[in-house]
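Q: Quick one: the structure is below, and I'll ask about it shortly.
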Amino acid sequence: MLKHLYISNFTLIDELDIAFNSGFSVITGETGAGKSIIIGAVSMLLGNRADVKMIKNGKDKCIVEAIFSISDYDHDFIDHFLENNDLDSNGDECILRREININGKNRAFINDTPVILSSLKELGEHLMDIHSQHQNLMLNKEDFQLNVIDIFAQNKKILTEYQDLFNTYKSEVCKLNELHNTIIRIKENEDFLHFQNKELSEANLEDGEQKILEQQSELLTHAEEIKSTLFNTDNILSNDEHNVISVLKNTAESMNNIQTVYPNAEVFSDRLNNCIIELKDISREIISQIEDIDYDPNKLQVINSRLDTIYTLEKKYHTDNISDLIKKHKEIKEQLSQIDNFDAELAAQQHKVEKLEESCIKKANLLTESRQKAARKMEKELASRLIPLGIPNARFEIDITKQPTLTAKGGDKITYLFSSNSGTLLNPIAQVASGGEISRVMLSIKAMMSKVTGLPTIIFDEIDTGVSGRVAEQMAHIMKELGDDKHQVICITHLPQIAAIGTTHYKVTKTETSKSTNSLMRPLSSEERIKEIAQMLSGTDISSAAIENAKTLLKLN
């Protein structure tokens, strides 16, 4: 439940710091005093739209913070939520805060940890429900009607199993469609794929072949130049009259001759002999290479022709090397191989989808059965609840029909049918129910829902629109019934019959000065409640009769 609410610099509110109790609380105040502003602040806290216009004039930032007691909430959800969002637990309390800065910066917090707005909204929906005239419109929407039925049916386990199955089914349908489109696309290109396969097969490509051929081409292209250089080098080393090897040999012998008188000459002589050995070896290798190099125009033509084929294929298939061409060829062969297996693969996937669809239909039928049982009970109870709320001849039916295709919620189409007068036909509730009737239907539905599920804190904003007198009193008793020790109901009302039933009574007032306007809210004492309800009964001038009537109303509480 909502334990504490703090609002700072929000539109007309300078600062509001107020505690709330469990049970049924009422909020009253003159029109324009600021009750809607408080609802707006709480709505912003729960993730609704906010902008800098909400900041009180002359201030830099507005803050809305609420402390909730969560001891009676669904701890499985809250613990799971906190864990998934990497948030710390705050024991039996949960703190939501939202700040809007004048520079447009918007910040949200859960237990003093910054969070994204969607996280604040997700958790807020499980902590508080603001029921306004706008939410009454939800009664006209099929999704809302279906969700209410599922709550009454208590079929969460079946629904979760169905949705898991349905998601798998939809995923496999996507795979089937993708496979079908792939088959169409590949079969359209089958002839071209065969042509490409033949072309690359005939090319008989080998990995690394291009590099070797390019080296051979360069060698043959420059064969005469290479051979001439090698021949000249060999002549210099060993064939000329004054070749290098002969000169070094004579030099080594000279060094050898003086070693008796110059011992260091022996070292030089040995080193020169080593050089002679190395140069002779180089000479022999050059001679061998000269014999292997011959300009062969025919061989060069063959090599260049092969390279032209490779270069053409690389350009055609948008690749840079033979490795990529070989990879491309492999992909083409795989696609051609797939074509041969497509019929079997498509049939297998189709069979898989059909089996999943059958399973979904069976599970959807279980959902339908649970909804039909819940609908019959809900129809009877709702009609009986509407009698003391001033609709004695109310008839309410829930029409459940099959949809042409399955959805994430099953195969049912839900329509709430309503008639407030005997002898009139049942029609969709959105077409025939007045605003006051829809308010009473929604209040009755929420009272029924409280029996089967734990409701969060509920704020009723102008739920009493279109009603008065005895009906208003009955609505108040229903709200008080909702706000038991473990639940909390807060109602903003203009009716003294409802205000008098509240366990706790708050009043919103507005003060104006030449410089500013400020809205305030405070709990009323017993004496103040009598005066407030008397004023609601008689207006500004409170009569003694109004005081007595107020006391009488409060005694009924």
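Residues in the structure tokens are named by chain (A, B, ... in the order shown) and by number from 1 within that chain; ligands are numbered from 1 in the order shown.
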Would you please extract all strand (DSSP E) residues from segment 219-454 of chain A, as assigned by DSSP on the backbone, and give them as number ranges by chain?

A: A: 395-407, 410-419, 427-428

Q: Counting only C-alpha atoms, figure out which residue out of A:Phe231, A:Ile361, A:Leu176, A:Lys480 gets nearest to Leu346 of chain A.

A: A:Leu176

Q: When you count only C-alpha atoms, which of these residues is closest to Ile533 of chain A: A:Leu553, A:Ala347, A:Ile258, A:Met521?

A: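 Closest residue, counting only C-alpha atoms: A:Leu553.
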
Q: Counting only C-alpha atoms, figure out which residue out of A:Leu417, A:Ala19, A:Leu336, A:Ile478 gets nearest to Phe192 of chain A.

A: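 Nearest to Phe192 of chain A: A:Leu336.
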